[in-house]
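K.L.:
File coords_32.cif below, mmCIF, C-alpha atoms:
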data_query
#
loop_
_atom_site.label_atom_id
_atom_site.label_comp_id
_atom_site.auth_asym_id
_atom_site.auth_seq_id
_atom_site.Cartn_x
_atom_site.Cartn_y
_atom_site.Cartn_z
CA MET A 1 -47.28 38.29 -18.24
CA SER A 2 -47.61 38.37 -22.04
CA LEU A 3 -48.06 35.29 -24.21
CA PHE A 4 -44.65 35.98 -25.77
CA THR A 5 -42.96 35.90 -22.37
CA VAL A 6 -44.73 32.67 -21.43
CA ASN A 7 -43.70 30.99 -24.69
CA ARG A 8 -40.15 32.20 -24.24
CA CYS A 9 -40.01 30.84 -20.69
CA LYS A 10 -41.41 27.54 -21.92
CA SER A 11 -38.82 27.44 -24.69
CA GLU A 12 -35.99 28.17 -22.25
CA TRP A 13 -37.25 25.42 -19.91
CA LEU A 14 -37.40 22.90 -22.76
CA ASN A 15 -33.91 23.87 -23.91
CA THR A 16 -32.59 23.49 -20.37
CA ARG A 17 -34.22 20.08 -19.98
CA ASN A 18 -32.80 18.94 -23.34
CA ARG A 19 -29.32 20.09 -22.32
CA ILE A 20 -29.55 18.19 -19.03
CA ASN A 21 -30.72 15.03 -20.80
CA HIS A 22 -27.95 15.42 -23.38
CA MET A 23 -25.28 15.80 -20.69
CA LYS A 24 -26.70 12.83 -18.80
CA LYS A 25 -26.27 10.73 -21.92
CA ILE A 26 -22.69 11.94 -22.26
CA LEU A 27 -21.99 11.04 -18.61
CA ILE A 28 -23.50 7.58 -19.03
CA ILE A 29 -21.51 6.92 -22.21
CA PHE A 30 -18.34 8.21 -20.54
CA ALA A 31 -18.82 6.01 -17.46
CA MET A 32 -19.66 2.97 -19.59
CA GLY A 33 -16.58 3.62 -21.68
CA ILE A 34 -14.35 3.53 -18.62
CA LEU A 35 -16.01 0.66 -16.79
CA SER A 36 -16.48 -1.51 -19.87
CA ASN A 37 -12.71 -1.65 -20.28
CA PHE A 38 -12.17 -3.14 -16.82
CA PRO A 39 -13.28 -6.72 -17.65
CA ILE A 40 -11.16 -6.64 -20.79
CA MET A 41 -8.11 -5.38 -18.94
CA GLY A 42 -8.72 -7.91 -16.19
CA GLN A 43 -8.90 -10.71 -18.74
CA ASN A 44 -5.62 -9.61 -20.30
CA ALA A 45 -3.99 -9.43 -16.89
CA HIS A 46 -5.18 -12.84 -15.71
CA GLY A 47 -4.88 -14.80 -18.94
CA ASN A 48 -1.75 -16.43 -20.25
CA VAL A 49 0.31 -13.36 -19.43
CA LYS A 50 4.06 -13.66 -19.29
CA PRO A 51 5.08 -13.58 -15.60
CA ASP A 52 7.79 -11.16 -14.53
CA TRP A 53 10.03 -14.00 -13.35
CA VAL A 54 10.37 -15.24 -16.95
CA ASN A 55 12.69 -12.28 -17.63
CA GLY A 56 15.12 -13.66 -15.06
CA TYR A 57 15.02 -14.59 -11.40
CA PHE A 58 17.56 -16.08 -9.03
CA ARG A 59 17.43 -16.32 -5.26
CA GLU A 60 19.63 -18.28 -2.87
CA LEU A 61 17.92 -19.31 0.34
CA PRO A 62 19.44 -21.12 3.34
CA ASN A 63 18.26 -24.54 2.07
CA SER A 64 17.69 -24.07 -1.63
CA TYR A 65 18.08 -22.14 -4.84
CA ILE A 66 15.27 -20.60 -6.85
CA GLU A 67 16.01 -19.97 -10.50
CA VAL A 68 14.57 -19.84 -14.00
CA VAL A 69 15.41 -22.35 -16.72
CA SER A 70 14.08 -22.52 -20.25
CA ALA A 71 14.28 -24.79 -23.29
CA SER A 72 12.60 -25.22 -26.67
CA GLY A 73 11.28 -28.28 -28.42
CA TYR A 74 9.00 -29.41 -31.23
CA ASP A 75 6.48 -30.70 -28.70
CA LEU A 76 5.56 -29.62 -25.20
CA LYS A 77 6.87 -32.72 -23.39
CA SER A 78 10.33 -32.54 -24.93
CA ALA A 79 10.58 -28.83 -24.18
CA ARG A 80 9.62 -29.39 -20.54
CA ASP A 81 12.07 -32.29 -20.13
CA LYS A 82 14.88 -30.24 -21.67
CA ALA A 83 14.18 -27.38 -19.28
CA ALA A 84 14.13 -29.78 -16.33
CA ASN A 85 17.45 -31.29 -17.41
CA GLU A 86 18.92 -27.79 -17.55
CA ALA A 87 17.86 -27.16 -13.95
CA ILE A 88 19.50 -30.34 -12.71
CA LYS A 89 22.57 -29.79 -14.86
CA ARG A 90 23.25 -26.44 -13.24
CA ARG A 91 23.18 -27.96 -9.75
CA SER A 92 25.12 -31.15 -10.55
CA LEU A 93 28.07 -29.86 -12.57
CA ALA A 94 30.39 -30.19 -9.59
CA THR A 95 29.70 -33.92 -9.34
CA GLY A 96 30.67 -34.67 -12.92
CA ALA A 97 27.75 -37.10 -13.11
CA GLU A 98 25.37 -37.35 -16.03
CA ALA A 99 21.70 -37.66 -15.23
CA SER A 100 18.43 -38.10 -17.03
CA VAL A 101 15.52 -36.01 -15.81
CA SER A 102 11.81 -36.38 -16.31
CA ILE A 103 8.85 -34.53 -14.83
CA TYR A 104 6.17 -36.14 -12.68
CA GLY A 105 3.62 -33.57 -11.60
CA ASN A 106 5.66 -30.73 -10.13
CA ASN A 107 8.56 -32.93 -9.04
CA LEU A 108 11.68 -33.70 -11.07
CA ASN A 109 12.74 -37.33 -11.20
CA VAL A 110 16.48 -37.86 -11.65
CA VAL A 111 17.93 -41.11 -12.99
CA SER A 112 21.72 -41.57 -12.92
CA ASN A 113 24.30 -44.36 -12.99
CA HIS A 114 26.09 -42.56 -10.19
CA ASP A 115 25.12 -41.74 -6.63
CA LEU A 116 23.65 -38.47 -7.71
CA ILE A 117 20.62 -37.38 -5.71
CA VAL A 118 18.94 -34.10 -6.52
CA LYS A 119 15.70 -32.90 -5.00
CA SER A 120 13.99 -30.26 -7.06
CA ARG A 121 10.47 -29.07 -7.80
CA ILE A 122 8.69 -26.76 -10.22
CA LEU A 123 7.13 -23.67 -8.62
CA ASP A 124 5.60 -22.20 -11.76
CA GLU A 125 5.61 -22.68 -15.50
CA TYR A 126 5.10 -20.51 -18.57
CA VAL A 127 4.71 -21.96 -22.05
CA LEU A 128 5.25 -19.97 -25.23
CA HIS A 129 3.77 -21.61 -28.34
CA THR A 130 5.41 -20.53 -31.59
CA SER A 131 5.12 -21.60 -35.20
CA ILE A 132 8.11 -23.95 -34.85
CA GLY A 133 7.27 -25.52 -31.49
CA TYR A 134 7.24 -24.69 -27.80
CA THR A 135 9.46 -22.76 -25.43
CA VAL A 136 9.00 -23.67 -21.78
CA TYR A 137 10.09 -21.52 -18.86
CA LEU A 138 10.27 -23.19 -15.44
CA LEU A 139 10.67 -21.53 -12.07
CA VAL A 140 12.50 -24.25 -10.17
CA GLN A 141 13.46 -24.69 -6.53
CA THR A 142 16.37 -27.05 -5.87
CA VAL A 143 17.58 -27.90 -2.38
CA LYS A 144 21.30 -27.73 -1.67
CA ASN A 145 21.25 -31.10 0.03
CA PRO A 146 18.58 -33.78 -0.52
CA THR A 147 18.15 -34.08 3.23
CA TYR A 148 17.07 -30.45 3.48
CA ASP A 149 13.46 -29.33 3.39
CA TYR A 150 12.07 -26.87 0.90
CA GLU A 151 11.45 -23.37 2.14
CA PRO A 152 7.78 -22.49 1.62
CA ILE A 153 7.43 -20.62 -1.68
CA THR A 154 4.20 -19.42 -3.24
CA VAL A 155 3.67 -18.02 -6.73
CA THR A 156 0.34 -16.26 -6.60
CA GLU A 157 -1.85 -13.63 -8.24
CA LYS A 158 -3.31 -12.62 -4.87
CA TYR A 159 -2.01 -9.67 -2.89
CA PRO A 160 -2.50 -8.76 0.77
CA PHE A 161 -4.64 -5.78 1.66
CA SER A 162 -2.87 -2.48 1.22
CA ALA A 163 -3.79 1.12 1.99
CA ARG A 164 -3.03 1.82 -1.68
CA VAL A 165 -6.66 0.96 -2.43
CA PHE A 166 -7.67 4.38 -1.07
CA VAL A 167 -5.64 6.19 -3.75
CA PRO A 168 -7.23 5.74 -7.21
CA GLY A 169 -5.19 3.45 -9.44
CA MET A 170 -2.36 2.82 -6.99
CA ALA A 171 -3.41 -0.69 -5.95
CA GLN A 172 -3.87 -1.69 -9.58
CA ILE A 173 -0.44 -0.35 -10.57
CA TYR A 174 1.13 -2.11 -7.57
CA LYS A 175 -0.42 -5.39 -8.73
CA GLY A 176 1.05 -4.93 -12.20
CA THR A 177 -2.18 -4.03 -14.04
CA VAL A 178 -0.87 -0.62 -15.06
CA VAL A 179 -3.42 0.07 -17.81
CA LYS A 180 -6.28 -0.51 -15.40
CA GLY A 181 -4.63 1.73 -12.81
CA ILE A 182 -4.21 4.54 -15.35
CA ALA A 183 -7.88 4.13 -16.32
CA PHE A 184 -8.96 4.59 -12.69
CA ILE A 185 -6.73 7.65 -12.28
CA SER A 186 -7.97 9.18 -15.54
CA GLY A 187 -11.60 8.49 -14.68
CA GLU A 188 -11.32 10.05 -11.23
CA VAL A 189 -9.44 13.10 -12.54
CA ALA A 190 -12.02 13.58 -15.30
CA MET A 191 -14.92 13.37 -12.85
CA LEU A 192 -13.33 15.76 -10.36
CA GLY A 193 -12.41 18.11 -13.20
CA GLY A 194 -16.06 18.13 -14.28
CA VAL A 195 -17.13 18.97 -10.72
CA VAL A 196 -14.75 21.95 -10.59
CA VAL A 197 -15.66 23.26 -14.06
CA PHE A 198 -19.41 23.09 -13.64
CA GLU A 199 -19.29 24.49 -10.10
CA CYS A 200 -17.32 27.48 -11.39
CA MET A 201 -19.87 27.98 -14.17
CA ARG A 202 -22.77 27.67 -11.73
CA SER A 203 -21.16 30.21 -9.42
CA SER A 204 -20.61 32.57 -12.35
CA TYR A 205 -24.23 32.40 -13.50
CA SER A 206 -25.48 32.78 -9.92
CA SER A 207 -23.48 35.98 -9.46
CA LYS A 208 -24.89 37.38 -12.70
CA ILE A 209 -28.46 36.90 -11.47
CA ASN A 210 -28.05 39.65 -8.90
CA ASN A 211 -26.18 41.95 -11.25
CA THR A 212 -29.01 42.52 -13.72
CA HIS A 213 -32.54 43.87 -13.53
CA ASN A 214 -33.57 42.39 -16.87
CA ALA A 215 -36.19 39.72 -16.17
CA ASP A 216 -35.38 37.70 -19.30
CA ALA A 217 -31.66 37.78 -18.57
CA ARG A 218 -32.26 36.77 -14.95
CA LEU A 219 -34.39 33.83 -16.11
CA GLN A 220 -31.66 32.69 -18.49
CA TYR A 221 -29.02 32.92 -15.75
CA ILE A 222 -31.25 30.99 -13.33
CA ASN A 223 -31.83 28.22 -15.86
CA LYS A 224 -28.14 28.02 -16.72
CA ALA A 225 -27.15 28.01 -13.06
CA ASN A 226 -29.60 25.16 -12.43
CA LEU A 227 -28.21 23.28 -15.43
CA MET A 228 -24.63 23.69 -14.19
CA SER A 229 -25.71 22.58 -10.72
CA GLY A 230 -27.26 19.40 -12.12
CA LEU A 231 -24.16 18.62 -14.18
CA ARG A 232 -21.93 19.27 -11.17
CA ASN A 233 -23.99 16.85 -9.09
CA GLY A 234 -23.80 14.28 -11.88
CA PHE A 235 -20.00 14.46 -11.90
CA ILE A 236 -19.92 14.24 -8.09
CA ALA A 237 -21.93 11.02 -8.32
CA GLY A 238 -19.60 9.78 -11.07
CA ALA A 239 -16.50 10.54 -8.99
CA ALA A 240 -17.98 8.68 -6.02
CA ALA A 241 -18.85 5.68 -8.23
CA VAL A 242 -15.36 5.49 -9.77
CA TYR A 243 -13.74 5.83 -6.34
CA ALA A 244 -15.91 3.07 -4.85
CA TRP A 245 -15.19 0.84 -7.85
CA ASN A 246 -11.47 1.53 -7.41
CA ILE A 247 -11.55 0.42 -3.76
CA ILE A 248 -13.51 -2.77 -4.50
CA ASP A 249 -11.29 -3.68 -7.46
CA GLY A 250 -8.12 -2.89 -5.50
CA ILE A 251 -9.17 -5.31 -2.76
CA VAL A 252 -10.62 -8.25 -4.71
CA ALA A 253 -8.98 -8.19 -8.14
CA LYS A 254 -5.99 -10.39 -8.85
CA GLY A 255 -2.74 -9.02 -10.21
CA ASN A 256 0.35 -10.27 -11.97
CA LYS A 257 1.99 -13.35 -10.52
CA HIS A 258 4.59 -12.63 -7.88
CA ILE A 259 6.82 -14.82 -5.73
CA MET A 260 6.21 -14.95 -1.99
CA ILE A 261 8.93 -16.55 0.13
CA GLY A 262 7.84 -17.91 3.49
CA ASP A 263 4.40 -18.43 4.91
CA ALA A 264 4.12 -15.30 7.03
CA SER A 265 0.62 -14.44 8.07
CA ILE A 266 -1.12 -12.27 10.60
CA SER A 267 -3.81 -13.46 12.95
CA VAL A 268 -5.64 -11.37 15.52
CA SER A 269 -6.71 -13.11 18.72
CA PRO A 270 -8.71 -11.29 21.41
CA TYR A 271 -8.43 -12.49 24.98
CA VAL A 272 -9.65 -11.41 28.39
CA ALA A 273 -7.09 -9.69 30.58
CA PRO A 274 -8.53 -9.21 34.07
CA GLU A 275 -5.35 -7.60 35.30
CA HIS A 276 -5.90 -4.81 32.78
CA SER A 277 -9.64 -4.56 33.46
CA GLY A 278 -10.71 -5.42 29.95
CA MET A 279 -9.81 -7.26 26.77
CA MET A 280 -6.61 -7.24 24.74
CA LEU A 281 -5.59 -8.29 21.24
CA THR A 282 -2.53 -10.28 20.24
CA LEU A 283 -1.00 -10.26 16.76
CA ASN A 284 0.72 -13.45 15.62
CA PHE A 285 3.13 -13.19 12.70
#
Do you think you could lay out the structure here as structure tokens?

P.N.:
Amino acid sequence: MSLFTVNRCKSEWLNTRNRINHMKKILIIFAMGILSNFPIMGQNAHGNVKPDWVNGYFRELPNSYIEVVSASGYDLKSARDKAANEAIKRRSLATGAEASVSIYGNNLNVVSNHDLIVKSRILDEYVLHTSIGYTVYLLVQTVKNPTYDYEPITVTEKYPFSARVFVPGMAQIYKGTVVKGIAFISGEVAMLGGVVVFECMRSSYSSKINNTHNADARLQYINKANLMSGLRNGFIAGAAAVYAWNIIDGIVAKGNKHIMIGDASISVSPYVAPEHSGMMLTLNF
């Protein structure tokens, strides 16, 4: 082998190595660009975000009503008291009685010169601070009769496990963090697209190796096929990483606040069943 051929092979090898290193840097930057947005999007989703119920919610249950009231004031206390008065006013119009309402914790205290008794509580609260004061939104549950008990209501950012976690972005979109869900979908599509593109290129270069008898051309095709194979494997690893991240985030990450009525839960209890020659499971809802 001549010195020229050796130098050319060395040059091709260095160029191939530089290309691989360059593409690795691009992959790392791309992955960091996607993943670095997740904490930011999570912070936006879990901060003082306006809950969906603020836009309007009403539900009549057997024992109570759930509704949204709002009021504005120059200070936070006056705005909250005005909103609480609005809640009681809606439920006491039929009595014709005037009442004064104040808030103690999450319970509404009603003071009236008449025999007006109202039992109500705050389920959730959203405060909007503007340049001229405060606007308070209250999600309030009021029982139809003070002798009734409240139905169990929970306003939570947690969601039960769902099979949506196995489809990139679906669990995030279901929880209301749409931007994060789109980021997962885009990341997975980009990674899988890279796998397909570089595998096609690798296959193309591999087929050209056997279609030429030129040693230099064969060497170039071999190097390029190896480069495409390395890039394909890099995108496979990236797709697996994004998919695993999607599953973990879909299970553990919180979402937008939503209203859960009732305290339904599932428990699994194994027990021995001699009559069936083994063990059985019972599901309690």

K.L.:
Going by the chain IDs and residue numbers used in this file, which residues fall under the PyMOL selection byres ((chain A and resi 226) around 12)? Write them as an mmCIF file with C-alpha atoms, in the coordinates of the input.

P.N.:
data_model
loop_
_atom_site.group_PDB
_atom_site.id
_atom_site.type_symbol
_atom_site.label_atom_id
_atom_site.label_comp_id
_atom_site.auth_asym_id
_atom_site.auth_seq_id
_atom_site.Cartn_x
_atom_site.Cartn_y
_atom_site.Cartn_z
ATOM 1 C CA TRP A 13 -37.250 25.420 -19.910
ATOM 2 C CA THR A 16 -32.590 23.490 -20.370
ATOM 3 C CA ARG A 17 -34.220 20.080 -19.980
ATOM 4 C CA ARG A 19 -29.320 20.090 -22.320
ATOM 5 C CA ILE A 20 -29.550 18.190 -19.030
ATOM 6 C CA PHE A 198 -19.410 23.090 -13.640
ATOM 7 C CA GLU A 199 -19.290 24.490 -10.100
ATOM 8 C CA MET A 201 -19.870 27.980 -14.170
ATOM 9 C CA ARG A 202 -22.770 27.670 -11.730
ATOM 10 C CA SER A 203 -21.160 30.210 -9.420
ATOM 11 C CA SER A 204 -20.610 32.570 -12.350
ATOM 12 C CA TYR A 205 -24.230 32.400 -13.500
ATOM 13 C CA SER A 206 -25.480 32.780 -9.920
ATOM 14 C CA ILE A 209 -28.460 36.900 -11.470
ATOM 15 C CA LEU A 219 -34.390 33.830 -16.110
ATOM 16 C CA GLN A 220 -31.660 32.690 -18.490
ATOM 17 C CA TYR A 221 -29.020 32.920 -15.750
ATOM 18 C CA ILE A 222 -31.250 30.990 -13.330
ATOM 19 C CA ASN A 223 -31.830 28.220 -15.860
ATOM 20 C CA LYS A 224 -28.140 28.020 -16.720
ATOM 21 C CA ALA A 225 -27.150 28.010 -13.060
ATOM 22 C CA LEU A 227 -28.210 23.280 -15.430
ATOM 23 C CA MET A 228 -24.630 23.690 -14.190
ATOM 24 C CA SER A 229 -25.710 22.580 -10.720
ATOM 25 C CA GLY A 230 -27.260 19.400 -12.120
ATOM 26 C CA LEU A 231 -24.160 18.620 -14.180
ATOM 27 C CA ARG A 232 -21.930 19.270 -11.170
ATOM 28 C CA ASN A 233 -23.990 16.850 -9.090
#

K.L.:
When distances are computed from only C-alpha atoms, which of A:Asp75, A:Arg80, A:Ala171, A:Ala190 shows the smallest separation from Val242 in chain A?

P.N.:
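Residue with the minimum atom-to-atom distance to Val242 in chain A: A:Ala190.
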
K.L.:
Let me know the residues the PyMOL selection byres ((chain A and resi 261) around 9) catches in the file above, as a list in words.

P.N.:
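Output from the PyMOL selection byres ((chain A and resi 261) around 9), applied to this file: Glu151, Pro152, Ile153, Thr154, Val155, Ile259, Met260, Gly262, Asp263 and Ala264 of chain A.
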
K.L.:
Which residues would end up in the selection if the PyMOL selection byres ((chain A and resi 120-133) around 6) were applied here, given that I need the answer as a list in words?

P.N.:
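Answer for the PyMOL selection byres ((chain A and resi 120-133) around 6): Gly73, Tyr74, Asp75, Asn106, Asn107, Leu108, Lys119, Tyr134, Thr135, Val136, Tyr137, Leu138, Leu139, Val140, Gln141 and Thr142 of chain A.
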
K.L.:
Mind giving me the straight-line distance from CA of Lys254 in chain A to CA of Lys158 in chain A in Å, one decimal?

P.N.:
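It comes out at 5.3 Å.
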
K.L.:
Fewer than 3 positions away in the same chain doesn't count, so skip those; otherwise give me all residues within 7 Å of Ile251 in chain A, counting only C-alpha atoms, as a PDB file with C-alpha atoms, in the coordinates of the input.

P.N.:
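Full text of out.pdb as output:
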ATOM      1  CA  PHE A 161      -4.640  -5.780   1.660  1.00  0.00           C
ATOM      2  CA  VAL A 165      -6.660   0.960  -2.430  1.00  0.00           C
ATOM      3  CA  ILE A 247     -11.550   0.420  -3.760  1.00  0.00           C
ATOM      4  CA  ILE A 248     -13.510  -2.770  -4.500  1.00  0.00           C
TER       5      ILE A 248
END

K.L.:
What does the structure give for the distance between CA of Asp52 in chain A and CA of Ala244 in chain A, in Å to one decimal?

P.N.:
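If I compute the distance from CA of Asp52 in chain A to CA of Ala244 in chain A, I get 29.3 Å.
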
K.L.:
Compare A:Val252, A:Val143, A:Val178, A:Val196 by their minimum atom-to-atom distance to Arg59 in chain A, counting only C-alpha atoms, and give me the closest one.

P.N.:
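Answer, going by the shortest atom-to-atom distance: A:Val143.
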
K.L.:
Nearest residue to Tyr148 in chain A out of A:Tyr174, A:Phe166, A:Phe184, A:Tyr65, using only C-alpha atoms?

P.N.:
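Once distances to Tyr148 in chain A are computed over only C-alpha atoms, the minimum belongs to A:Tyr65.
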
K.L.:
Using all atoms listed in the file, can you tell me which of A:Lys175, A:Glu86, A:Asn246, A:Ser207 comes closest to Thr156 in chain A?

P.N.:
A:Lys175

K.L.:
Rank A:Cys200, A:Ile173, A:Ala83, A:Val69 by their smallest atom-to-atom distance to Asn55 in chain A, using all atoms listed in the file, and report the top residue only.

P.N.:
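When distances to Asn55 in chain A are compared using all atoms listed in the file, the smallest one comes from A:Val69.
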
K.L.:
Figure out the distance between CA of Ser162 in chain A and CA of Gly187 in chain A, please, to one decimal in Å.

P.N.:
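Distance reported for this atom pair: 21.2 Å.
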
K.L.:
Which is closer to Gly193 in chain A than all the others in A:Arg164, A:Gln172, A:Val49, A:Ile236, using only C-alpha atoms?

P.N.:
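Between A:Arg164, A:Gln172, A:Val49, A:Ile236, the residue approaching Gly193 in chain A most closely is A:Ile236.
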